[in-house]
file start_6.pdb (PDB, C-alpha atoms and all ligand atoms)
ATOM      1  CA  MET Z   1      25.469   9.165 -45.705  1.00  0.00           C
ATOM      2  CA  GLU Z   2      23.254   6.739 -43.773  1.00  0.00           C
ATOM      3  CA  LYS Z   3      22.251   8.029 -40.345  1.00  0.00           C
ATOM      4  CA  ILE Z   4      23.333   5.671 -37.579  1.00  0.00           C
ATOM      5  CA  TYR Z   5      20.519   4.972 -35.123  1.00  0.00           C
ATOM      6  CA  HIS Z   6      22.816   3.901 -32.288  1.00  0.00           C
ATOM      7  CA  ARG Z   7      26.229   2.298 -31.969  1.00  0.00           C
ATOM      8  CA  PRO Z   8      26.276  -0.530 -29.400  1.00  0.00           C
ATOM      9  CA  VAL Z   9      28.638   0.003 -26.473  1.00  0.00           C
ATOM     10  CA  LEU Z  10      31.016  -2.649 -25.082  1.00  0.00           C
ATOM     11  CA  PRO Z  11      30.142  -5.186 -27.799  1.00  0.00           C
ATOM     12  CA  ILE Z  12      32.859  -7.693 -26.925  1.00  0.00           C
ATOM     13  CA  GLU Z  13      32.473  -7.398 -23.171  1.00  0.00           C
ATOM     14  CA  SER Z  14      28.682  -7.687 -23.255  1.00  0.00           C
ATOM     15  CA  MET Z  15      28.761 -10.783 -25.473  1.00  0.00           C
ATOM     16  CA  ASP Z  16      31.453 -12.356 -23.273  1.00  0.00           C
ATOM     17  CA  ALA Z  17      29.323 -11.713 -20.204  1.00  0.00           C
ATOM     18  CA  LEU Z  18      26.215 -13.216 -21.819  1.00  0.00           C
ATOM     19  CA  ASN Z  19      28.150 -16.376 -22.730  1.00  0.00           C
ATOM     20  CA  ILE Z  20      25.550 -17.295 -25.331  1.00  0.00           C
ATOM     21  CA  GLN Z  21      24.340 -20.872 -25.612  1.00  0.00           C
ATOM     22  CA  PRO Z  22      23.270 -21.567 -29.221  1.00  0.00           C
ATOM     23  CA  ASP Z  23      19.896 -23.018 -28.164  1.00  0.00           C
ATOM     24  CA  GLY Z  24      19.307 -20.515 -25.390  1.00  0.00           C
ATOM     25  CA  ILE Z  25      16.590 -17.928 -24.869  1.00  0.00           C
ATOM     26  CA  TYR Z  26      17.783 -14.344 -24.489  1.00  0.00           C
ATOM     27  CA  VAL Z  27      16.268 -10.940 -23.832  1.00  0.00           C
ATOM     28  CA  ASP Z  28      17.541  -7.606 -25.074  1.00  0.00           C
ATOM     29  CA  ALA Z  29      15.599  -5.370 -22.692  1.00  0.00           C
ATOM     30  CA  THR Z  30      16.634  -2.164 -24.500  1.00  0.00           C
ATOM     31  CA  PHE Z  31      16.578  -3.039 -28.197  1.00  0.00           C
ATOM     32  CA  GLY Z  32      17.102   0.492 -29.659  1.00  0.00           C
ATOM     33  CA  GLY Z  33      18.941   0.209 -32.971  1.00  0.00           C
ATOM     34  CA  GLY Z  34      19.329  -3.529 -32.477  1.00  0.00           C
ATOM     35  CA  GLY Z  35      23.133  -3.436 -32.380  1.00  0.00           C
ATOM     36  CA  HIS Z  36      23.458  -5.765 -29.404  1.00  0.00           C
ATOM     37  CA  SER Z  37      20.616  -7.939 -30.668  1.00  0.00           C
ATOM     38  CA  LYS Z  38      22.444  -8.499 -33.959  1.00  0.00           C
ATOM     39  CA  LEU Z  39      25.522  -9.638 -32.045  1.00  0.00           C
ATOM     40  CA  ILE Z  40      23.423 -12.060 -29.994  1.00  0.00           C
ATOM     41  CA  MET Z  41      21.769 -13.424 -33.141  1.00  0.00           C
ATOM     42  CA  GLU Z  42      25.167 -14.146 -34.683  1.00  0.00           C
ATOM     43  CA  GLN Z  43      25.839 -16.597 -31.879  1.00  0.00           C
ATOM     44  CA  LEU Z  44      22.402 -18.199 -31.638  1.00  0.00           C
ATOM     45  CA  GLY Z  45      21.717 -21.520 -33.341  1.00  0.00           C
ATOM     46  CA  THR Z  46      18.552 -22.412 -35.240  1.00  0.00           C
ATOM     47  CA  ASN Z  47      16.659 -23.237 -32.010  1.00  0.00           C
ATOM     48  CA  GLY Z  48      17.755 -20.171 -30.096  1.00  0.00           C
ATOM     49  CA  LYS Z  49      15.368 -17.305 -29.384  1.00  0.00           C
ATOM     50  CA  LEU Z  50      15.741 -13.601 -28.756  1.00  0.00           C
ATOM     51  CA  PHE Z  51      13.111 -11.171 -27.457  1.00  0.00           C
ATOM     52  CA  GLY Z  52      13.851  -7.464 -27.961  1.00  0.00           C
ATOM     53  CA  PHE Z  53      11.966  -4.925 -25.826  1.00  0.00           C
ATOM     54  CA  ASP Z  54      11.764  -1.173 -26.402  1.00  0.00           C
ATOM     55  CA  GLN Z  55       9.209   1.374 -25.340  1.00  0.00           C
ATOM     56  CA  ASP Z  56      10.183   3.802 -28.122  1.00  0.00           C
ATOM     57  CA  GLN Z  57       8.018   3.337 -31.214  1.00  0.00           C
ATOM     58  CA  ASP Z  58      10.887   4.588 -33.410  1.00  0.00           C
ATOM     59  CA  ALA Z  59      12.920   1.508 -32.456  1.00  0.00           C
ATOM     60  CA  MET Z  60      10.324  -0.808 -33.991  1.00  0.00           C
ATOM     61  CA  ALA Z  61      11.549   0.058 -37.491  1.00  0.00           C
ATOM     62  CA  ASN Z  62      14.832  -1.674 -36.608  1.00  0.00           C
ATOM     63  CA  ALA Z  63      13.182  -5.035 -35.787  1.00  0.00           C
ATOM     64  CA  LEU Z  64      15.261  -7.929 -37.084  1.00  0.00           C
ATOM     65  CA  GLN Z  65      13.674  -9.985 -39.828  1.00  0.00           C
ATOM     66  CA  ASP Z  66      14.478 -13.397 -38.418  1.00  0.00           C
ATOM     67  CA  SER Z  67      12.085 -16.080 -37.173  1.00  0.00           C
ATOM     68  CA  ARG Z  68      14.196 -16.508 -34.013  1.00  0.00           C
ATOM     69  CA  PHE Z  69      13.588 -12.879 -33.071  1.00  0.00           C
ATOM     70  CA  THR Z  70      10.494 -11.268 -31.521  1.00  0.00           C
ATOM     71  CA  ILE Z  71      10.193  -7.522 -31.081  1.00  0.00           C
ATOM     72  CA  VAL Z  72       8.173  -6.334 -28.092  1.00  0.00           C
ATOM     73  CA  PRO Z  73       6.890  -2.758 -28.204  1.00  0.00           C
ATOM     74  CA  GLY Z  74       6.746  -1.886 -24.520  1.00  0.00           C
ATOM     75  CA  ASN Z  75       8.431  -1.299 -21.219  1.00  0.00           C
ATOM     76  CA  PHE Z  76      10.683  -4.072 -19.996  1.00  0.00           C
ATOM     77  CA  ARG Z  77       8.971  -3.785 -16.639  1.00  0.00           C
ATOM     78  CA  TYR Z  78       6.401  -6.164 -18.191  1.00  0.00           C
ATOM     79  CA  LEU Z  79       9.075  -8.618 -19.286  1.00  0.00           C
ATOM     80  CA  ARG Z  80       7.958 -11.517 -17.131  1.00  0.00           C
ATOM     81  CA  ARG Z  81       4.309 -11.131 -18.149  1.00  0.00           C
ATOM     82  CA  PHE Z  82       5.138 -10.932 -21.842  1.00  0.00           C
ATOM     83  CA  LEU Z  83       7.484 -13.930 -21.804  1.00  0.00           C
ATOM     84  CA  LYS Z  84       4.822 -15.939 -19.983  1.00  0.00           C
ATOM     85  CA  MET Z  85       2.445 -15.210 -22.877  1.00  0.00           C
ATOM     86  CA  HIS Z  86       5.044 -16.859 -25.112  1.00  0.00           C
ATOM     87  CA  ALA Z  87       5.287 -19.818 -22.724  1.00  0.00           C
ATOM     88  CA  VAL Z  88       8.782 -18.742 -21.668  1.00  0.00           C
ATOM     89  CA  ARG Z  89       9.413 -19.112 -17.929  1.00  0.00           C
ATOM     90  CA  THR Z  90      13.189 -19.013 -17.746  1.00  0.00           C
ATOM     91  CA  VAL Z  91      15.795 -17.320 -19.897  1.00  0.00           C
ATOM     92  CA  ASP Z  92      19.513 -17.856 -20.344  1.00  0.00           C
ATOM     93  CA  GLY Z  93      20.495 -14.204 -20.307  1.00  0.00           C
ATOM     94  CA  ILE Z  94      19.227 -10.642 -20.236  1.00  0.00           C
ATOM     95  CA  LEU Z  95      21.043  -7.607 -21.588  1.00  0.00           C
ATOM     96  CA  ALA Z  96      19.972  -4.114 -20.496  1.00  0.00           C
ATOM     97  CA  ASP Z  97      21.809  -1.183 -22.069  1.00  0.00           C
ATOM     98  CA  LEU Z  98      20.067   1.471 -20.001  1.00  0.00           C
ATOM     99  CA  GLY Z  99      19.650   5.100 -20.966  1.00  0.00           C
ATOM    100  CA  VAL Z 100      18.781   7.023 -24.089  1.00  0.00           C
ATOM    101  CA  SER Z 101      19.729   6.055 -27.632  1.00  0.00           C
ATOM    102  CA  SER Z 102      21.743   8.333 -29.916  1.00  0.00           C
ATOM    103  CA  HIS Z 103      18.625   8.502 -32.073  1.00  0.00           C
ATOM    104  CA  GLN Z 104      16.623  10.000 -29.207  1.00  0.00           C
ATOM    105  CA  LEU Z 105      19.316  12.632 -28.649  1.00  0.00           C
ATOM    106  CA  ASP Z 106      19.842  13.392 -32.331  1.00  0.00           C
ATOM    107  CA  GLU Z 107      16.175  13.861 -33.268  1.00  0.00           C
ATOM    108  CA  ALA Z 108      15.237  17.439 -32.435  1.00  0.00           C
ATOM    109  CA  THR Z 109      11.529  16.618 -32.190  1.00  0.00           C
ATOM    110  CA  ARG Z 110      12.149  14.147 -29.353  1.00  0.00           C
ATOM    111  CA  GLY Z 111      13.091  17.097 -27.147  1.00  0.00           C
ATOM    112  CA  PHE Z 112      15.964  15.418 -25.288  1.00  0.00           C
ATOM    113  CA  SER Z 113      18.806  17.639 -26.466  1.00  0.00           C
ATOM    114  CA  TYR Z 114      19.562  21.293 -25.911  1.00  0.00           C
ATOM    115  CA  ARG Z 115      21.585  21.328 -29.114  1.00  0.00           C
ATOM    116  CA  PHE Z 116      18.317  22.071 -30.916  1.00  0.00           C
ATOM    117  CA  GLU Z 117      15.615  24.672 -30.592  1.00  0.00           C
ATOM    118  CA  ALA Z 118      12.719  22.330 -29.902  1.00  0.00           C
ATOM    119  CA  LYS Z 119       9.963  21.613 -27.419  1.00  0.00           C
ATOM    120  CA  LEU Z 120      11.109  19.943 -24.219  1.00  0.00           C
ATOM    121  CA  ASP Z 121       9.505  16.522 -24.627  1.00  0.00           C
ATOM    122  CA  MET Z 122      11.838  13.756 -23.369  1.00  0.00           C
ATOM    123  CA  ARG Z 123       9.295  10.951 -23.569  1.00  0.00           C
ATOM    124  CA  MET Z 124      10.910   7.612 -24.367  1.00  0.00           C
ATOM    125  CA  ASN Z 125       7.468   6.200 -24.973  1.00  0.00           C
ATOM    126  CA  GLN Z 126       5.693   8.699 -27.212  1.00  0.00           C
ATOM    127  CA  GLU Z 127       2.328   7.348 -26.048  1.00  0.00           C
ATOM    128  CA  GLU Z 128       2.905   8.595 -22.513  1.00  0.00           C
ATOM    129  CA  ALA Z 129       0.795  11.652 -21.723  1.00  0.00           C
ATOM    130  CA  LYS Z 130       3.366  13.668 -19.768  1.00  0.00           C
ATOM    131  CA  THR Z 131       6.085  15.590 -21.549  1.00  0.00           C
ATOM    132  CA  ALA Z 132       8.991  17.111 -19.619  1.00  0.00           C
ATOM    133  CA  ALA Z 133       7.556  20.569 -20.404  1.00  0.00           C
ATOM    134  CA  LEU Z 134       4.237  19.631 -18.812  1.00  0.00           C
ATOM    135  CA  VAL Z 135       5.964  18.319 -15.691  1.00  0.00           C
ATOM    136  CA  LEU Z 136       8.126  21.424 -15.300  1.00  0.00           C
ATOM    137  CA  ASN Z 137       5.240  23.807 -15.896  1.00  0.00           C
ATOM    138  CA  THR Z 138       2.657  22.155 -13.673  1.00  0.00           C
ATOM    139  CA  TYR Z 139       4.428  20.395 -10.786  1.00  0.00           C
ATOM    140  CA  GLU Z 140       4.814  22.279  -7.532  1.00  0.00           C
ATOM    141  CA  ALA Z 141       8.311  23.412  -6.589  1.00  0.00           C
ATOM    142  CA  ASP Z 142       8.694  20.840  -3.798  1.00  0.00           C
ATOM    143  CA  ALA Z 143       7.770  17.980  -6.166  1.00  0.00           C
ATOM    144  CA  LEU Z 144      10.299  19.251  -8.715  1.00  0.00           C
ATOM    145  CA  GLN Z 145      12.941  19.568  -6.046  1.00  0.00           C
ATOM    146  CA  LYS Z 146      12.357  15.989  -4.908  1.00  0.00           C
ATOM    147  CA  MET Z 147      12.519  14.790  -8.502  1.00  0.00           C
ATOM    148  CA  PHE Z 148      15.788  16.592  -9.278  1.00  0.00           C
ATOM    149  CA  SER Z 149      17.376  15.492  -6.052  1.00  0.00           C
ATOM    150  CA  GLU Z 150      16.276  11.810  -6.131  1.00  0.00           C
ATOM    151  CA  TYR Z 151      16.385  11.041  -9.836  1.00  0.00           C
ATOM    152  CA  GLY Z 152      18.698  13.748 -11.194  1.00  0.00           C
ATOM    153  CA  GLU Z 153      21.131  13.587  -8.268  1.00  0.00           C
ATOM    154  CA  VAL Z 154      21.228  17.397  -8.260  1.00  0.00           C
ATOM    155  CA  ARG Z 155      22.940  18.402  -5.057  1.00  0.00           C
ATOM    156  CA  ASN Z 156      21.550  21.609  -3.662  1.00  0.00           C
ATOM    157  CA  SER Z 157      18.287  21.119  -5.542  1.00  0.00           C
ATOM    158  CA  GLU Z 158      16.475  23.616  -3.270  1.00  0.00           C
ATOM    159  CA  ASN Z 159      18.661  26.467  -4.497  1.00  0.00           C
ATOM    160  CA  PHE Z 160      18.413  25.215  -8.034  1.00  0.00           C
ATOM    161  CA  ILE Z 161      14.611  25.267  -7.967  1.00  0.00           C
ATOM    162  CA  SER Z 162      14.233  28.639  -6.289  1.00  0.00           C
ATOM    163  CA  LYS Z 163      16.699  30.162  -8.748  1.00  0.00           C
ATOM    164  CA  HIS Z 164      15.172  28.679 -11.893  1.00  0.00           C
ATOM    165  CA  CYS Z 165      11.521  27.997 -11.167  1.00  0.00           C
ATOM    166  CA  GLY Z 166      10.075  29.908  -8.252  1.00  0.00           C
ATOM    167  CA  SER Z 167       7.113  28.170  -6.676  1.00  0.00           C
ATOM    168  CA  THR Z 168       4.287  29.022  -9.044  1.00  0.00           C
ATOM    169  CA  PRO Z 169       3.016  26.850 -11.882  1.00  0.00           C
ATOM    170  CA  ASP Z 170       3.611  27.798 -15.547  1.00  0.00           C
ATOM    171  CA  LYS Z 171       7.272  28.501 -15.409  1.00  0.00           C
ATOM    172  CA  GLY Z 172       7.373  28.990 -19.152  1.00  0.00           C
ATOM    173  CA  PHE Z 173       9.249  25.923 -20.390  1.00  0.00           C
TER     174      PHE Z 173
HETATM  175  C1  LIG R 201      21.112   2.980 -24.969  1.00  0.00           C
HETATM  176  S1  LIG R 201      19.757   2.553 -25.985  1.00  0.00           S
HETATM  177  C2  LIG R 201      20.044   0.876 -26.394  1.00  0.00           C
HETATM  178  C3  LIG R 201      20.762   0.710 -27.680  1.00  0.00           C
HETATM  179  C4  LIG R 201      20.935  -0.727 -28.127  1.00  0.00           C
HETATM  180  N1  LIG R 201      21.652  -1.530 -27.171  1.00  0.00           N
HETATM  181  C5  LIG R 201      21.604  -0.795 -29.484  1.00  0.00           C
HETATM  182  O1  LIG R 201      22.596  -1.512 -29.636  1.00  0.00           O
HETATM  183  O2  LIG R 201      21.145  -0.103 -30.414  1.00  0.00           O
HETATM  184  C6  LIG R 201      18.466   2.353 -24.794  1.00  0.00           C
HETATM  185  C7  LIG R 201      17.105   1.998 -25.400  1.00  0.00           C
HETATM  186  O3  LIG R 201      16.320   1.478 -24.347  1.00  0.00           O
HETATM  187  C8  LIG R 201      15.021   1.975 -24.440  1.00  0.00           C
HETATM  188  N2  LIG R 201      14.485   1.960 -23.075  1.00  0.00           N
HETATM  189  C9  LIG R 201      14.895   2.668 -22.005  1.00  0.00           C
HETATM  190  N3  LIG R 201      14.192   2.350 -20.910  1.00  0.00           N
HETATM  191  C10 LIG R 201      13.313   1.373 -21.299  1.00  0.00           C
HETATM  192  C11 LIG R 201      12.316   0.608 -20.617  1.00  0.00           C
HETATM  193  N4  LIG R 201      12.061   0.802 -19.304  1.00  0.00           N
HETATM  194  N5  LIG R 201      11.621  -0.311 -21.323  1.00  0.00           N
HETATM  195  C12 LIG R 201      11.856  -0.497 -22.640  1.00  0.00           C
HETATM  196  N6  LIG R 201      12.775   0.201 -23.349  1.00  0.00           N
HETATM  197  C13 LIG R 201      13.502   1.119 -22.679  1.00  0.00           C
HETATM  198  C14 LIG R 201      15.167   3.356 -25.043  1.00  0.00           C
HETATM  199  O4  LIG R 201      13.989   3.735 -25.712  1.00  0.00           O
HETATM  200  C15 LIG R 201      16.342   3.175 -25.986  1.00  0.00           C
HETATM  201  O5  LIG R 201      15.928   2.851 -27.289  1.00  0.00           O
END

call {"tool": "encode", "arguments": {"input": "start_6.pdb", "output": "structure tokens", "more": "lines below"}}
Ligand SMILES: C[S@@+](CC[C@H](N)C(=O)[O-])C[C@H]1O[C@@H](n2cnc3c(N)ncnc32)[C@H](O)[C@@H]1O
result
Amino acid sequence: MEKIYHRPVLPIESMDALNIQPDGIYVDATFGGGGHSKLIMEQLGTNGKLFGFDQDQDAMANALQDSRFTIVPGNFRYLRRFLKMHAVRTVDGILADLGVSSHQLDEATRGFSYRFEAKLDMRMNQEEAKTAALVLNTYEADALQKMFSEYGEVRNSENFISKHCGSTPDKGF
């Protein structure tokens, strides 16, 4: 059976919200398996354009073979800069399906899931230097606490850290 990379969420609602103009220029900021991009392409005319961004190199294999489509291997934080390079200054719609893809969770080696015995990696962009294991093993307790509380919304992060990590580096993750 073919492994599904990712199933797009809210397909009808997201296309309704984009209200695609056949000749418009669109951005899929989180291309992933290309599910949403394919839906956008179905509604684009011959002069329409779609740019698909993803910082995960694995997603590049899903690039759509269509002259109206451009895949961009990188973080969507550089969206404006990249579009400028393509002489695009305004777009008609941007879709961002934020979070991880099913592929990232299902691949043991990506280290996102605790369903598998694998190294804690969690890098969306595999070219980034810092893995989750490196962060947990080398950051000081107060930096970890701040991270869990601000980005992980862990209430009581002080107790969490002192229970699980102590304050010394190399906590053995
Ligand atoms: C939930 S999946 C999107 C799935 C996609 N809509 C589909 O139909 O297959 C999110 C994707 O966004 C990518 N991603 C997350 N943050 C990103 C960022 N800042 N820049 C570029 N890609 C990002 C992830 O690597 C992942 O592939």

call {"tool": "closest_atom_pairs", "arguments": {"input": "start_6.pdb", "of": "chain Z", "to": "ligand LIG 201 (chain R)", "cutoff": "8 Å", "atoms": "all atoms listed in the file", "output": "tab-separated table"}}
result
residue	atom	partner	partner_atom	distance
Z:Tyr5	CA	R:LIG201	O2	7.0
Z:His6	CA	R:LIG201	O2	4.7
Z:Arg7	CA	R:LIG201	O1	5.8
Z:Pro8	CA	R:LIG201	O1	3.8
Z:Val9	CA	R:LIG201	O1	7.0
Z:Asp28	CA	R:LIG201	N1	7.6
Z:Ala29	CA	R:LIG201	C12	6.1
Z:Thr30	CA	R:LIG201	O3	3.7
Z:Phe31	CA	R:LIG201	C4	4.9
Z:Gly32	CA	R:LIG201	O5	3.5
Z:Gly33	CA	R:LIG201	O2	3.4
Z:Gly34	CA	R:LIG201	O2	4.4
Z:Gly35	CA	R:LIG201	O1	3.4
Z:His36	CA	R:LIG201	O1	4.3
Z:Ser37	CA	R:LIG201	O1	6.8
Z:Phe53	CA	R:LIG201	C12	5.5
Z:Asp54	CA	R:LIG201	N6	3.5
Z:Gln55	CA	R:LIG201	C12	4.2
Z:Asp56	CA	R:LIG201	O4	4.5
Z:Ala59	CA	R:LIG201	O5	6.1
Z:Pro73	CA	R:LIG201	C12	7.8
Z:Gly74	CA	R:LIG201	C12	5.6
Z:Asn75	CA	R:LIG201	N5	3.3
Z:Phe76	CA	R:LIG201	N5	4.1
Z:Arg77	CA	R:LIG201	N4	6.1
Z:Ala96	CA	R:LIG201	N1	7.4
Z:Asp97	CA	R:LIG201	C2	5.1
Z:Leu98	CA	R:LIG201	C6	5.1
Z:Gly99	CA	R:LIG201	C1	4.8
Z:Val100	CA	R:LIG201	C6	4.7
Z:Ser101	CA	R:LIG201	S1	3.9
Z:Ser102	CA	R:LIG201	S1	7.3
Z:His103	CA	R:LIG201	O5	7.9
Z:Gln104	CA	R:LIG201	O5	7.4
Z:Met124	CA	R:LIG201	O4	5.1
Z:Asn125	CA	R:LIG201	O4	7.0

call {"tool": "residues_around", "arguments": {"input": "start_6.pdb", "residues": "Z:Asp92", "least_positions_apart": "5", "cutoff": "6 Å", "atoms": "all atoms listed in the file", "output": "number ranges by chain"}}
result
Z: 24-26

call {"tool": "write_last_selection", "arguments": {"input": "start_6.pdb", "atoms": "C-alpha atoms", "output": "short mmCIF file (atom, residue, chain, number, x, y, z; two decimals), in the coordinates of the input"}}
result
data_model
loop_
_atom_site.label_atom_id
_atom_site.label_comp_id
_atom_site.auth_asym_id
_atom_site.auth_seq_id
_atom_site.Cartn_x
_atom_site.Cartn_y
_atom_site.Cartn_z
CA GLY Z 24 19.31 -20.52 -25.39
CA ILE Z 25 16.59 -17.93 -24.87
CA TYR Z 26 17.78 -14.34 -24.49
#

call {"tool": "resolve_selection", "arguments": {"input": "start_6.pdb", "expression": "the PyMOL selection byres (((chain Z and resi 41-49) around 8) and not hetatm)", "output": "PyMOL selection string"}}
result
chain Z and resi 20-26+37-40+50-51+68-69

call {"tool": "residues_around", "arguments": {"input": "start_6.pdb", "residues": "Z:Gly111", "least_positions_apart": "4", "cutoff": "9 Å", "atoms": "only C-alpha atoms", "output": "list in words"}}
result
Gln104, Leu105, Glu107, Phe116, Glu117, Ala118, Lys119, Leu120, Asp121, Met122, Arg123 and Ala132 of chain Z

call {"tool": "atom_distance", "arguments": {"input": "start_6.pdb", "atom1": "atom CA of Z:Ile71", "atom2": "atom CA of Z:Gln57"}}
result
11.1 Å

call {"tool": "axis_aligned_box", "arguments": {"input": "start_6.pdb", "around": "stretch 25-30 of chain Z", "padding_each_side": "4 Å", "output": "lines of an AutoDock Vina configuration file"}}
result
center_x = 16.7
center_y = -10.0
center_z = -23.9
size_x = 10.2
size_y = 23.8
size_z = 10.4

call {"tool": "resolve_selection", "arguments": {"input": "start_6.pdb", "expression": "the PyMOL selection byres (((chain Z and resi 158) around 12) and not hetatm)", "output": "list in words"}}
result
Ala141, Asp142, Ala143, Leu144, Gln145, Lys146, Met147, Phe148, Ser149, Val154, Arg155, Asn156, Ser157, Asn159, Phe160, Ile161, Ser162, Lys163, His164, Cys165, Gly166 and Ser167 of chain Z

call {"tool": "build_atoms", "arguments": {"input": "start_6.pdb", "residues": "stretch 38-56 of chain Z", "atoms": "N, CA and C atoms", "output": "short mmCIF file (atom, residue, chain, number, x, y, z; two decimals), in the coordinates of the input"}}
result
data_model
loop_
_atom_site.label_atom_id
_atom_site.label_comp_id
_atom_site.auth_asym_id
_atom_site.auth_seq_id
_atom_site.Cartn_x
_atom_site.Cartn_y
_atom_site.Cartn_z
N LYS Z 38 21.80 -7.87 -32.78
CA LYS Z 38 22.44 -8.50 -33.96
C LYS Z 38 23.62 -9.35 -33.51
N LEU Z 39 24.37 -8.87 -32.53
CA LEU Z 39 25.52 -9.64 -32.04
C LEU Z 39 25.06 -10.94 -31.37
N ILE Z 40 23.96 -10.85 -30.65
CA ILE Z 40 23.42 -12.06 -29.99
C ILE Z 40 22.98 -13.05 -31.07
N MET Z 41 22.28 -12.54 -32.07
CA MET Z 41 21.77 -13.42 -33.14
C MET Z 41 22.89 -14.17 -33.85
N GLU Z 42 24.04 -13.49 -33.99
CA GLU Z 42 25.17 -14.15 -34.68
C GLU Z 42 25.62 -15.41 -33.95
N GLN Z 43 25.37 -15.45 -32.65
CA GLN Z 43 25.84 -16.60 -31.88
C GLN Z 43 24.75 -17.62 -31.56
N LEU Z 44 23.50 -17.27 -31.91
CA LEU Z 44 22.40 -18.20 -31.64
C LEU Z 44 22.32 -19.25 -32.74
N GLY Z 45 21.95 -20.47 -32.35
CA GLY Z 45 21.72 -21.52 -33.34
C GLY Z 45 20.29 -21.45 -33.85
N THR Z 46 19.89 -22.46 -34.62
CA THR Z 46 18.55 -22.41 -35.24
C THR Z 46 17.43 -22.51 -34.20
N ASN Z 47 17.71 -23.11 -33.03
CA ASN Z 47 16.66 -23.24 -32.01
C ASN Z 47 16.71 -22.14 -30.95
N GLY Z 48 17.66 -21.26 -31.08
CA GLY Z 48 17.76 -20.17 -30.10
C GLY Z 48 16.64 -19.16 -30.31
N LYS Z 49 16.42 -18.33 -29.27
CA LYS Z 49 15.37 -17.30 -29.38
C LYS Z 49 15.86 -16.01 -28.74
N LEU Z 50 15.41 -14.91 -29.34
CA LEU Z 50 15.74 -13.60 -28.76
C LEU Z 50 14.49 -12.73 -28.75
N PHE Z 51 14.22 -12.12 -27.59
CA PHE Z 51 13.11 -11.17 -27.46
C PHE Z 51 13.72 -9.79 -27.24
N GLY Z 52 13.32 -8.83 -28.08
CA GLY Z 52 13.85 -7.46 -27.96
C GLY Z 52 12.76 -6.51 -27.53
N PHE Z 53 12.96 -5.88 -26.35
CA PHE Z 53 11.97 -4.92 -25.83
C PHE Z 53 12.43 -3.49 -26.09
N ASP Z 54 11.49 -2.62 -26.42
CA ASP Z 54 11.76 -1.17 -26.40
C ASP Z 54 10.45 -0.44 -26.32
N GLN Z 55 10.45 0.62 -25.50
CA GLN Z 55 9.21 1.37 -25.34
C GLN Z 55 9.13 2.55 -26.32
N ASP Z 56 10.16 2.72 -27.14
CA ASP Z 56 10.18 3.80 -28.12
C ASP Z 56 9.68 3.26 -29.46
#
